[in-house]
Every structure is written in structure tokens, then in C-alpha cells.
file run-v6.cif (mmCIF, C-alpha atoms)
data_final
loop_
_atom_site.label_atom_id
_atom_site.label_comp_id
_atom_site.auth_asym_id
_atom_site.auth_seq_id
_atom_site.Cartn_x
_atom_site.Cartn_y
_atom_site.Cartn_z
CA MET A 994 0.00 0.00 0.00
CA ALA A 995 1.35 3.41 -0.96
CA GLY A 996 2.08 5.96 1.75
CA THR A 997 4.86 8.30 2.80
CA LEU A 998 8.23 7.82 4.46
CA PHE A 999 10.63 10.61 5.42
CA GLY A 1000 8.09 12.98 3.88
CA LEU A 1001 8.27 11.32 0.46
CA PRO A 1002 5.90 8.95 -1.38
CA PHE A 1003 6.62 5.34 -0.43
CA ASP A 1004 5.19 2.05 -1.68
CA GLU A 1005 6.23 -1.02 0.36
CA GLU A 1006 5.73 -3.50 -2.49
CA LEU A 1007 7.68 -1.37 -4.96
CA PHE A 1008 10.47 -0.77 -2.43
CA SER A 1009 10.71 -4.50 -1.63
CA ARG A 1010 11.01 -5.35 -5.33
CA ASN A 1011 13.66 -2.68 -5.90
CA TRP A 1012 15.56 -3.86 -2.82
CA ARG A 1013 15.63 -7.45 -4.08
CA GLN A 1014 16.62 -6.36 -7.59
CA ALA A 1015 19.32 -3.89 -6.54
CA PRO A 1016 22.83 -4.81 -7.69
CA ASP A 1017 24.47 -7.19 -5.22
CA PRO A 1018 27.94 -7.85 -6.68
CA VAL A 1019 29.20 -10.20 -3.96
CA THR A 1020 26.16 -12.48 -3.83
CA THR A 1021 26.04 -12.35 -7.63
CA ALA A 1022 29.70 -13.42 -7.72
CA PHE A 1023 28.94 -16.40 -5.50
CA LEU A 1024 26.02 -17.49 -7.66
CA ASP A 1025 27.73 -16.80 -11.00
CA SER A 1026 30.83 -18.76 -9.95
CA GLY A 1027 28.66 -21.74 -9.05
CA ALA A 1028 30.14 -21.96 -5.54
CA MET A 1029 26.71 -21.18 -4.10
CA VAL A 1030 23.68 -22.61 -5.87
CA LEU A 1031 20.04 -21.72 -5.49
CA ASP A 1032 18.47 -25.02 -4.43
CA GLN A 1033 14.88 -25.30 -5.59
CA GLU A 1034 14.29 -28.52 -3.64
CA ILE A 1035 15.17 -26.77 -0.39
CA ALA A 1036 13.15 -23.70 -1.41
CA ASP A 1037 10.10 -25.90 -2.00
CA GLN A 1038 10.45 -27.55 1.41
CA ILE A 1039 10.64 -24.27 3.32
CA ALA A 1040 8.04 -22.46 1.24
CA GLY A 1041 5.37 -23.28 3.82
CA GLY A 1042 7.26 -21.58 6.63
CA SER A 1043 9.27 -24.52 8.02
CA ASN A 1044 12.54 -23.69 9.76
CA VAL A 1045 14.20 -27.12 9.28
CA TYR A 1046 14.54 -29.36 6.23
CA THR A 1047 16.18 -32.55 5.02
CA VAL A 1048 17.28 -33.28 1.46
CA PRO A 1049 18.51 -36.67 0.20
CA PHE A 1050 21.68 -37.36 -1.78
CA PHE A 1051 23.19 -40.35 -3.58
CA ASN A 1052 26.79 -41.46 -3.25
CA THR A 1053 29.04 -41.67 -6.29
CA LEU A 1054 28.92 -45.01 -8.08
CA GLY A 1055 31.93 -47.24 -7.43
CA GLY A 1056 33.16 -50.80 -7.47
CA ALA A 1057 35.30 -52.73 -9.96
CA PRO A 1058 33.84 -54.14 -13.19
CA VAL A 1059 34.02 -57.88 -13.86
CA ASN A 1060 35.46 -59.58 -16.88
CA TYR A 1061 32.85 -59.82 -19.62
CA ASP A 1062 33.81 -63.18 -21.09
CA GLY A 1063 30.49 -65.01 -21.39
CA LYS A 1064 30.94 -67.09 -18.25
CA THR A 1065 31.47 -64.61 -15.39
CA ASP A 1066 28.43 -63.39 -13.48
CA ILE A 1067 27.98 -59.62 -13.47
CA THR A 1068 28.06 -58.18 -9.96
CA THR A 1069 25.64 -55.45 -8.96
CA ASP A 1070 25.83 -52.91 -6.18
CA GLU A 1071 22.77 -51.16 -4.84
CA ILE A 1072 23.09 -47.40 -4.96
CA ASP A 1073 23.22 -45.84 -1.53
CA GLY A 1074 23.22 -42.35 -0.09
CA GLY A 1075 21.99 -40.35 2.84
CA ASP A 1076 20.56 -36.97 3.65
CA LEU A 1077 21.63 -33.46 4.58
CA SER A 1078 19.76 -31.41 7.14
CA GLY A 1079 19.72 -27.64 7.39
CA VAL A 1080 18.03 -24.79 9.21
CA VAL A 1081 16.41 -21.50 8.20
CA TYR A 1082 17.47 -18.35 10.02
CA GLY A 1083 15.66 -15.03 10.13
CA ARG A 1084 17.11 -11.57 10.50
CA ALA A 1085 15.62 -8.08 10.70
CA LYS A 1086 16.96 -4.53 10.74
CA GLY A 1087 15.41 -1.08 10.75
CA TRP A 1088 16.44 2.53 10.22
CA LYS A 1089 14.81 5.79 11.22
CA SER A 1090 15.04 9.50 10.53
CA ARG A 1091 13.93 12.43 12.68
CA ASP A 1092 11.91 15.23 11.11
CA PHE A 1093 14.08 17.77 12.94
CA ILE A 1094 17.17 16.70 10.96
CA ALA A 1095 15.38 16.81 7.61
CA ASP A 1096 14.16 20.35 8.31
CA PHE A 1097 17.71 21.64 7.78
CA HIS A 1098 18.75 19.62 4.70
CA LYS A 1099 17.55 19.09 1.16
CA VAL A 1100 18.08 15.35 0.81
CA ASP A 1101 16.75 12.28 -1.00
CA PRO A 1102 16.35 9.79 1.86
CA MET A 1103 14.42 7.27 -0.22
CA GLY A 1104 17.14 7.14 -2.86
CA ALA A 1105 19.77 6.66 -0.17
CA ILE A 1106 17.80 3.88 1.48
CA VAL A 1107 17.09 1.97 -1.75
CA SER A 1108 20.79 2.01 -2.62
CA GLN A 1109 22.08 1.14 0.86
CA VAL A 1110 19.62 -1.52 2.06
CA ALA A 1111 20.76 -4.00 -0.58
CA GLY A 1112 24.41 -3.28 0.24
CA TYR A 1113 23.75 -3.74 3.95
CA TRP A 1114 22.19 -7.18 3.48
CA ASP A 1115 24.92 -8.07 0.98
CA LYS A 1116 27.48 -7.59 3.77
CA GLN A 1117 25.34 -9.70 6.11
CA HIS A 1118 25.19 -12.55 3.56
CA GLN A 1119 28.94 -12.46 3.15
CA ALA A 1120 29.50 -12.46 6.91
CA MET A 1121 27.12 -15.39 7.35
CA LEU A 1122 28.83 -17.48 4.68
CA ILE A 1123 32.25 -16.81 6.24
CA ARG A 1124 30.82 -17.62 9.67
CA ILE A 1125 29.51 -20.98 8.44
CA ALA A 1126 32.76 -21.73 6.56
CA LYS A 1127 34.77 -21.08 9.73
CA ALA A 1128 32.45 -23.44 11.61
CA VAL A 1129 32.81 -26.37 9.21
CA PHE A 1130 36.60 -26.01 9.05
CA GLY A 1131 36.64 -26.21 12.84
CA VAL A 1132 34.56 -29.40 12.97
CA SER A 1133 35.69 -32.09 15.41
CA GLU A 1134 34.36 -35.41 16.64
CA GLN A 1135 31.13 -35.18 18.62
CA ALA A 1136 29.34 -37.79 20.71
CA TYR A 1137 26.27 -37.70 18.48
CA MET A 1138 28.24 -38.58 15.32
CA THR A 1139 28.23 -42.03 13.75
CA GLU A 1140 31.51 -43.90 13.32
CA ALA A 1141 31.46 -43.07 9.61
CA GLN A 1142 31.04 -39.37 10.36
CA LYS A 1143 33.92 -39.46 12.85
CA ALA A 1144 36.09 -41.04 10.15
CA TYR A 1145 35.03 -38.27 7.76
CA VAL A 1146 36.04 -35.65 10.36
CA ALA A 1147 39.55 -37.11 10.45
CA ALA A 1148 39.74 -37.25 6.66
CA PHE A 1149 38.48 -33.66 6.30
CA ALA A 1150 41.70 -32.49 7.98
CA SER A 1151 43.35 -32.75 4.55
CA HIS A 1152 41.24 -29.75 3.48
CA LEU A 1153 43.12 -27.52 5.94
CA THR A 1154 46.55 -26.26 4.90
CA ASP A 1155 48.77 -24.05 7.05
CA ILE A 1156 51.82 -22.52 5.32
CA SER A 1157 52.24 -19.70 7.84
CA SER A 1158 55.44 -19.08 9.74
CA GLY A 1159 55.67 -20.07 13.38
CA SER A 1160 57.78 -16.99 14.12
CA THR A 1161 58.09 -13.36 13.07
CA THR A 1162 60.31 -14.37 10.12
CA VAL A 1163 58.20 -14.67 6.98
CA SER A 1164 59.44 -16.02 3.64
CA ALA A 1165 57.80 -16.23 0.22
CA GLY A 1166 56.79 -19.80 1.02
CA ASN A 1167 54.67 -18.55 3.91
CA LYS A 1168 52.55 -16.42 1.59
CA LEU A 1169 49.81 -17.40 -0.82
CA ALA A 1170 50.90 -17.96 -4.41
CA GLU A 1171 49.73 -19.92 -7.43
CA THR A 1172 51.54 -23.12 -6.51
CA SER A 1173 50.47 -22.99 -2.86
CA ILE A 1174 46.82 -22.69 -3.87
CA ASN A 1175 47.03 -25.59 -6.33
CA ASP A 1176 48.93 -27.73 -3.81
CA ALA A 1177 46.26 -27.15 -1.17
CA LEU A 1178 43.45 -28.02 -3.57
CA VAL A 1179 45.09 -31.27 -4.66
CA LYS A 1180 45.75 -32.11 -1.02
CA ALA A 1181 42.06 -31.59 -0.29
CA CYS A 1182 40.42 -33.38 -3.19
CA GLY A 1183 43.10 -35.17 -5.19
CA ASP A 1184 42.25 -35.60 -8.86
CA LYS A 1185 38.76 -34.23 -8.18
CA ALA A 1186 40.32 -30.80 -7.60
CA GLN A 1187 41.05 -30.20 -11.27
CA GLY A 1188 38.65 -27.54 -12.50
CA GLN A 1189 36.29 -27.94 -9.54
CA PHE A 1190 37.25 -24.90 -7.45
CA LYS A 1191 35.65 -21.71 -8.67
CA LEU A 1192 35.71 -19.10 -5.90
CA ALA A 1193 38.00 -17.83 -3.15
CA ILE A 1194 37.51 -15.44 -0.24
CA MET A 1195 40.63 -13.77 1.11
CA HIS A 1196 41.87 -10.82 3.13
CA SER A 1197 42.81 -7.62 1.31
CA THR A 1198 46.47 -8.05 2.32
CA VAL A 1199 46.59 -11.50 0.70
CA ALA A 1200 44.81 -10.20 -2.40
CA LYS A 1201 47.25 -7.29 -2.68
CA ASN A 1202 50.21 -9.66 -2.58
CA LEU A 1203 48.70 -11.82 -5.33
CA ALA A 1204 47.99 -8.70 -7.39
CA ASN A 1205 51.63 -7.62 -6.99
CA LEU A 1206 52.63 -11.01 -8.40
CA ASP A 1207 50.29 -10.45 -11.37
CA LEU A 1208 48.24 -13.45 -10.21
CA LEU A 1209 45.11 -11.46 -9.52
CA GLU A 1210 43.25 -8.74 -11.40
CA PHE A 1211 40.49 -6.66 -9.83
CA ARG A 1212 37.25 -6.14 -11.70
CA LYS A 1213 36.00 -2.65 -12.48
CA TYR A 1214 32.61 -1.13 -13.15
CA THR A 1215 31.30 2.23 -14.25
CA ASP A 1216 28.83 3.87 -11.87
CA PRO A 1217 25.78 5.91 -12.98
CA MET A 1218 27.91 9.07 -12.89
CA GLY A 1219 30.28 7.59 -15.47
CA ILE A 1220 33.10 7.11 -12.97
CA GLN A 1221 35.05 3.84 -13.14
CA ARG A 1222 35.50 2.16 -9.77
CA THR A 1223 37.36 -0.94 -8.59
CA LEU A 1224 35.31 -3.74 -7.01
CA ASN A 1225 36.36 -6.00 -4.15
CA ILE A 1226 35.99 -8.83 -6.64
CA ALA A 1227 38.83 -10.13 -8.78
CA ASP A 1228 39.90 -13.01 -11.01
CA ALA A 1229 42.83 -15.34 -10.39
CA ASN A 1230 43.77 -18.48 -12.27
CA GLY A 1231 40.22 -19.10 -13.49
CA MET A 1232 38.66 -18.43 -10.07
CA THR A 1233 36.52 -15.57 -8.84
CA VAL A 1234 38.08 -13.91 -5.79
CA VAL A 1235 36.01 -12.01 -3.23
CA VAL A 1236 38.15 -9.74 -1.06
CA SER A 1237 36.87 -9.42 2.50
CA ASP A 1238 38.59 -8.45 5.73
CA GLN A 1239 35.87 -10.41 7.55
CA VAL A 1240 37.86 -13.64 7.10
CA PRO A 1241 39.53 -14.96 10.29
CA THR A 1242 42.78 -13.16 11.06
CA VAL A 1243 45.21 -13.69 13.92
CA PRO A 1244 47.15 -10.45 14.55
CA GLY A 1245 50.90 -10.71 14.88
CA SER A 1246 52.67 -10.46 18.21
CA GLY A 1247 56.22 -10.25 19.50
CA SER A 1248 56.76 -13.92 18.63
CA SER A 1249 54.60 -14.46 15.55
CA ALA A 1250 53.54 -12.80 12.30
CA THR A 1251 49.95 -12.02 11.34
CA LYS A 1252 48.08 -15.03 9.97
CA TYR A 1253 45.31 -14.78 7.38
CA THR A 1254 42.73 -17.43 6.53
CA SER A 1255 41.67 -17.86 2.90
CA TYR A 1256 38.76 -20.03 1.80
CA ILE A 1257 38.46 -21.69 -1.60
CA PHE A 1258 35.19 -23.24 -2.74
CA GLY A 1259 34.19 -25.56 -5.54
CA GLU A 1260 31.01 -25.82 -7.56
CA GLY A 1261 27.97 -26.28 -5.36
CA ALA A 1262 29.92 -25.85 -2.12
CA PHE A 1263 26.92 -24.09 -0.61
CA ARG A 1264 23.22 -24.65 -1.18
CA TYR A 1265 21.10 -21.54 -0.69
CA ALA A 1266 17.38 -20.79 -0.63
CA PRO A 1267 15.30 -17.82 0.47
CA ALA A 1268 12.34 -18.47 2.76
CA PRO A 1269 9.05 -16.59 2.50
CA VAL A 1270 8.44 -13.56 4.70
CA ASN A 1271 4.91 -12.24 5.04
CA LYS A 1272 6.03 -8.63 5.37
CA PRO A 1273 9.66 -8.14 4.27
CA VAL A 1274 9.36 -4.35 4.52
CA GLY A 1275 7.40 -2.27 7.00
CA THR A 1276 7.14 1.40 7.95
CA GLU A 1277 6.11 3.24 11.06
CA ARG A 1278 5.32 6.90 11.70
CA SER A 1279 5.45 8.59 15.10
CA GLU A 1280 4.34 12.20 15.38
CA THR A 1281 5.55 12.57 18.98
CA LYS A 1282 8.78 10.58 19.48
CA ASN A 1283 11.81 12.86 19.10
CA GLY A 1284 9.53 15.52 17.69
CA GLY A 1285 8.39 13.21 14.89
CA GLU A 1286 10.22 10.43 13.08
CA ASP A 1287 9.81 7.79 10.37
CA THR A 1288 11.07 4.20 10.67
CA LEU A 1289 11.78 1.62 7.97
CA VAL A 1290 12.07 -2.08 8.95
CA THR A 1291 13.35 -4.93 6.76
CA ARG A 1292 13.08 -8.67 7.41
CA LEU A 1293 14.34 -11.80 5.70
CA ARG A 1294 14.51 -15.57 6.21
CA GLU A 1295 16.93 -17.80 4.31
CA THR A 1296 19.23 -20.79 4.58
CA ILE A 1297 22.84 -21.49 3.63
CA LEU A 1298 23.84 -25.16 3.82
CA PRO A 1299 27.50 -26.21 3.39
CA ASN A 1300 27.21 -29.06 0.90
CA GLY A 1301 28.46 -32.34 2.36
CA PHE A 1302 27.64 -31.35 5.93
CA SER A 1303 24.49 -31.84 7.96
CA TYR A 1304 23.33 -29.33 10.56
CA THR A 1305 22.13 -30.75 13.88
CA HIS A 1306 19.09 -28.76 14.96
CA ASN A 1307 18.04 -28.60 18.59
CA GLY A 1308 14.69 -26.89 19.00
CA ALA A 1309 15.25 -26.25 22.69
CA THR A 1310 18.46 -24.26 22.15
CA ASP A 1311 18.23 -23.15 18.51
CA GLY A 1312 14.69 -21.82 18.74
CA VAL A 1313 12.82 -21.01 15.54
CA SER A 1314 15.81 -19.02 14.25
CA PRO A 1315 19.37 -19.81 15.41
CA ASP A 1316 21.52 -16.80 16.22
CA ASP A 1317 24.95 -16.04 14.77
CA ALA A 1318 26.82 -17.84 17.55
CA THR A 1319 24.79 -21.01 17.00
CA LEU A 1320 25.24 -21.01 13.22
CA GLY A 1321 28.96 -20.46 13.78
CA ASN A 1322 29.27 -23.34 16.25
CA SER A 1323 31.41 -26.13 14.75
CA ALA A 1324 29.71 -28.73 16.97
CA LYS A 1325 26.48 -28.22 15.02
CA TYR A 1326 27.94 -29.59 11.76
CA ALA A 1327 28.87 -33.15 10.79
CA PRO A 1328 30.37 -34.31 7.47
CA VAL A 1329 28.11 -36.93 5.88
CA VAL A 1330 29.95 -37.63 2.62
CA ASP A 1331 33.49 -38.62 1.68
CA PRO A 1332 35.54 -35.42 2.16
CA LYS A 1333 37.17 -35.96 -1.24
CA CYS A 1334 33.78 -34.95 -2.63
CA ILE A 1335 33.52 -31.78 -0.51
CA GLY A 1336 34.65 -28.81 -2.58
CA MET A 1337 36.15 -26.69 0.16
CA ALA A 1338 39.69 -25.82 1.19
CA GLN A 1339 41.22 -23.53 3.79
CA ILE A 1340 44.71 -22.01 3.66
CA VAL A 1341 46.36 -20.14 6.51
CA SER A 1342 49.23 -17.91 5.39
CA ASN A 1343 51.14 -14.78 6.33
CA GLY A 1344 49.97 -12.89 3.29
#

call {"tool": "encode", "arguments": {"input": "run-v6.cif", "output": "C-alpha cells"}}
result
Amino acid sequence: MAGTLFGLPFDEELFSRNWRQAPDPVTTAFLDSGAMVLDQEIADQIAGGSNVYTVPFFNTLGGAPVNYDGKTDITTDEIDGGDLSGVVYGRAKGWKSRDFIADFHKVDPMGAIVSQVAGYWDKQHQAMLIRIAKAVFGVSEQAYMTEAQKAYVAAFASHLTDISSGSTTVSAGNKLAETSINDALVKACGDKAQGQFKLAIMHSTVAKNLANLDLLEFRKYTDPMGIQRTLNIADANGMTVVVSDQVPTVPGSGSSATKYTSYIFGEGAFRYAPAPVNKPVGTERSETKNGGEDTLVTRLRETILPNGFSYTHNGATDGVSPDDATLGNSAKYAPVVDPKCIGMAQIVSNG
């Protein structure tokens, strides 16, 4: 329904559509690279408002063929698999403006909000994905896990590579380079690594070092004013690189150098789906508070599932929407497939 906000015409439905359609370069980079895929099966399951879901998967076919010589029986193996469980989380955020402030300025608050709301939630998506990645790379054996899952936890250790120095002395070998990335990917997935990994997230210091080695090139775009700007998105060795200082970093001390964590993801490393929200955008007008003010509120529900891991939901502690600390808790995740098939790798380096 049309109304006013900050003294200007405002239509909630139109704003919501513009918010969803606003350029979101980081999320777009994840989807375009294939590292995060929109999963329609999950979307269908949570369309009715459910906060938990389970999706099945089939294991890769294996076994040795028999000799086809007219006298040897052909052996058959029944296909097997399992399931992955995930959880939907909800988040909300609002902004307000006092009439008193607007009385002294000629501004376009609606234009500012439309452009910034999408960017705000873009940063939240990125932070959530990094939070979940940090959790799965910190996974350890838990009492609730099956013996197979505990074995997978041990095997997943090959996806973690640490080339950082144990002292304040840092050499070229302690920093990320083309060979160190390829070595880590082969260590993680063996021959399955070839061509599988499509996206990396790394600290700006690491990205700068790769750029200085001509191993990384930042993308550029031209804004509506015709000014060319550099994005925090780059390309390196066939991979999309998202530069974010939100990745885990251990500051240096008197006995050690700063350590940076970089994540590298393969195709389908994350399965994503938005969940329905009855009122994603809402407004409120108060004529008395602070002399008069307008408030805009945004809400969303969605899920990000690390492919190959199952989330253990506990209704008593998780509630209907787990908070950031819960989603970032390594104990909530268990690997349920052979780690060689999990397209994720972590590298700790000094730059």
C-alpha cells in the first residue's frame, strides 16, 4: 500500500522489489561462480514456513567391473546415499530519521535507502557465509556422530593447509601464491580438484600480494555518474576472488607474524534458498517521538547449507531461528559424505 516515508511517497511493495533487484555484486559473484547454488528442492520444502529441512543425496557409483567373457556373473551394487539437514534463520533490521534533521537539509532519503539496504544485506550474507565456513573447518568429533562421520572428520583435515610461519620471520613460502593454492586443492580433493574450485575469499592483504605477483586482477565497473571504480571482486587463475577483511585473522605479536585465513570453494559448495516472509518491509510513523520520526524495517529468512555437511538442529536451544553464535558453532555440523567430494579448502598464510 502506498504511503509516505521521510516525507516522500513510499510504496512497500515497490520498495521491496527494488531492494531485491538492486545490484548485489558479492552475492552475484557467489552465484555466478557456481560456488553457491540456489536449491529449488530446499526452497520448496521451506516455502510453507518450516525452519528445518532434510534433502537426500546419492553417493558416487563405485566398485570394480568384472570380466565380460560369457561365463562370469555380473556383480551389482545397490546405490546408496543419505541426507543433509539444514536450518532456516531469520534476521531483521530497521532505520529511522527524525523530522528535525530533515528540516535543515535538502536530501533524498528514499534514494539513499534503496541504494544502501541492498548493500547492507549483501554484507550480512557475506559475513554469514564466512561464519559458516569457519564453523565447518573447525569441525571435530562429537558424541552424536556415527563412526562413519567421525572417520570423515579425520579425513576432512586434509582440506586444511597451514603454510604460515611459526615466528616473526616470513618467507615467500609462507605467503599465498599460485603453486600454494594448487597444492592445497590437490591435497584436499586429489584428482577431483582439477577444474572444480571456482571461488576464493581472502583478506585484502593477501589479495594485494597476489595482485603484486600479477596473479590477480580486480574487476572494475562504471557507476551511474560515469566514474570507473574498482570492485572487491577479482579473477585469479580461473577463479573468482572475493576480497573481505571479515575472514579470520590472527594479529601478529612479538613472537609471531599475522596469519590470514583464505577459503576456496568448488562448484555447489553451498546450497542456498530464500524463505518466505509475510512482510519483508514495514514502515512506522510517530508524530511525537523525538519531535516526529519515520522508521523503515526490513526482514528476511533464508538458509545457507554447506554441501556435504548436515546441521544438527536442537529446537530447545536453537529456537525457531538460530543466532549467529549457534550457526557459527562447529559442533552443530557433521560431514556426511566422503571429504574428497567436498569442494572446500582452507589455507592459513602470512599474506

call {"tool": "residues_around", "arguments": {"input": "run-v6.cif", "residues": "A:Pro1269", "least_positions_apart": "5", "cutoff": "7 Å", "atoms": "only C-alpha atoms", "output": "MDAnalysis selection string"}}
result
chainID A and resid 1040 1042 1294

call {"tool": "residues_around", "arguments": {"input": "run-v6.cif", "residues": "A:Lys1143", "least_positions_apart": "4", "cutoff": "9 Å", "atoms": "only C-alpha atoms", "output": "ChimeraX atom specification"}}
result
/A:1133-1135,1138-1139,1147-1148,1327-1328

call {"tool": "atom_distance", "arguments": {"input": "run-v6.cif", "atom1": "atom CA of A:Thr1198", "atom2": "atom CA of A:Gly1231"}}
result
20.3 Å

call {"tool": "closest_residue", "arguments": {"input": "run-v6.cif", "among": "A:Leu1298, A:Met1195, A:Ala1126, A:Ala1028", "to": "A:Val1048", "atoms": "all atoms listed in the file"}}
result
A:Leu1298

call {"tool": "closest_residue", "arguments": {"input": "run-v6.cif", "among": "A:Tyr1326, A:Trp1088, A:Tyr1113, A:Phe1023", "to": "A:Lys1191", "atoms": "all atoms listed in the file"}}
result
A:Phe1023

call {"tool": "residues_around", "arguments": {"input": "run-v6.cif", "residues": "A:Glu1034", "least_positions_apart": "5", "cutoff": "12 Å", "atoms": "all atoms listed in the file", "output": "list in words"}}
result
Ile1039, Ala1040, Tyr1046, Thr1047, Val1048, Pro1049, Phe1050, Arg1264, Tyr1265, Ala1266 and Pro1267 of chain A

call {"tool": "resolve_selection", "arguments": {"input": "run-v6.cif", "expression": "the PyMOL selection byres ((chain A and resi 1291-1293) around 10)", "output": "mmCIF file with C-alpha atoms, in the frame of the given file"}}
result
data_model
loop_
_atom_site.group_PDB
_atom_site.id
_atom_site.type_symbol
_atom_site.label_atom_id
_atom_site.label_comp_id
_atom_site.auth_asym_id
_atom_site.auth_seq_id
_atom_site.Cartn_x
_atom_site.Cartn_y
_atom_site.Cartn_z
ATOM 1 C CA SER A 1009 10.710 -4.500 -1.630
ATOM 2 C CA TRP A 1012 15.560 -3.860 -2.820
ATOM 3 C CA TYR A 1082 17.470 -18.350 10.020
ATOM 4 C CA GLY A 1083 15.660 -15.030 10.130
ATOM 5 C CA ARG A 1084 17.110 -11.570 10.500
ATOM 6 C CA ALA A 1085 15.620 -8.080 10.700
ATOM 7 C CA LYS A 1086 16.960 -4.530 10.740
ATOM 8 C CA GLY A 1087 15.410 -1.080 10.750
ATOM 9 C CA TRP A 1088 16.440 2.530 10.220
ATOM 10 C CA VAL A 1110 19.620 -1.520 2.060
ATOM 11 C CA TRP A 1114 22.190 -7.180 3.480
ATOM 12 C CA PRO A 1267 15.300 -17.820 0.470
ATOM 13 C CA ALA A 1268 12.340 -18.470 2.760
ATOM 14 C CA PRO A 1269 9.050 -16.590 2.500
ATOM 15 C CA VAL A 1270 8.440 -13.560 4.700
ATOM 16 C CA ASN A 1271 4.910 -12.240 5.040
ATOM 17 C CA LYS A 1272 6.030 -8.630 5.370
ATOM 18 C CA PRO A 1273 9.660 -8.140 4.270
ATOM 19 C CA VAL A 1274 9.360 -4.350 4.520
ATOM 20 C CA GLY A 1275 7.400 -2.270 7.000
ATOM 21 C CA THR A 1276 7.140 1.400 7.950
ATOM 22 C CA LEU A 1289 11.780 1.620 7.970
ATOM 23 C CA VAL A 1290 12.070 -2.080 8.950
ATOM 24 C CA ARG A 1294 14.510 -15.570 6.210
ATOM 25 C CA GLU A 1295 16.930 -17.800 4.310
#

call {"tool": "atom_distance", "arguments": {"input": "run-v6.cif", "atom1": "atom CA of A:Lys1089", "atom2": "atom CA of A:Ser1314"}}
result
25.0 Å

call {"tool": "closest_residue", "arguments": {"input": "run-v6.cif", "among": "A:Thr1154, A:Asn1044, A:Gln1142, A:Gln1033", "to": "A:Gly1312", "atoms": "only C-alpha atoms"}}
result
A:Asn1044

call {"tool": "closest_residue", "arguments": {"input": "run-v6.cif", "among": "A:Pro1299, A:Asn1230, A:Thr1162, A:Ala1186", "to": "A:Lys1127", "atoms": "only C-alpha atoms"}}
result
A:Pro1299
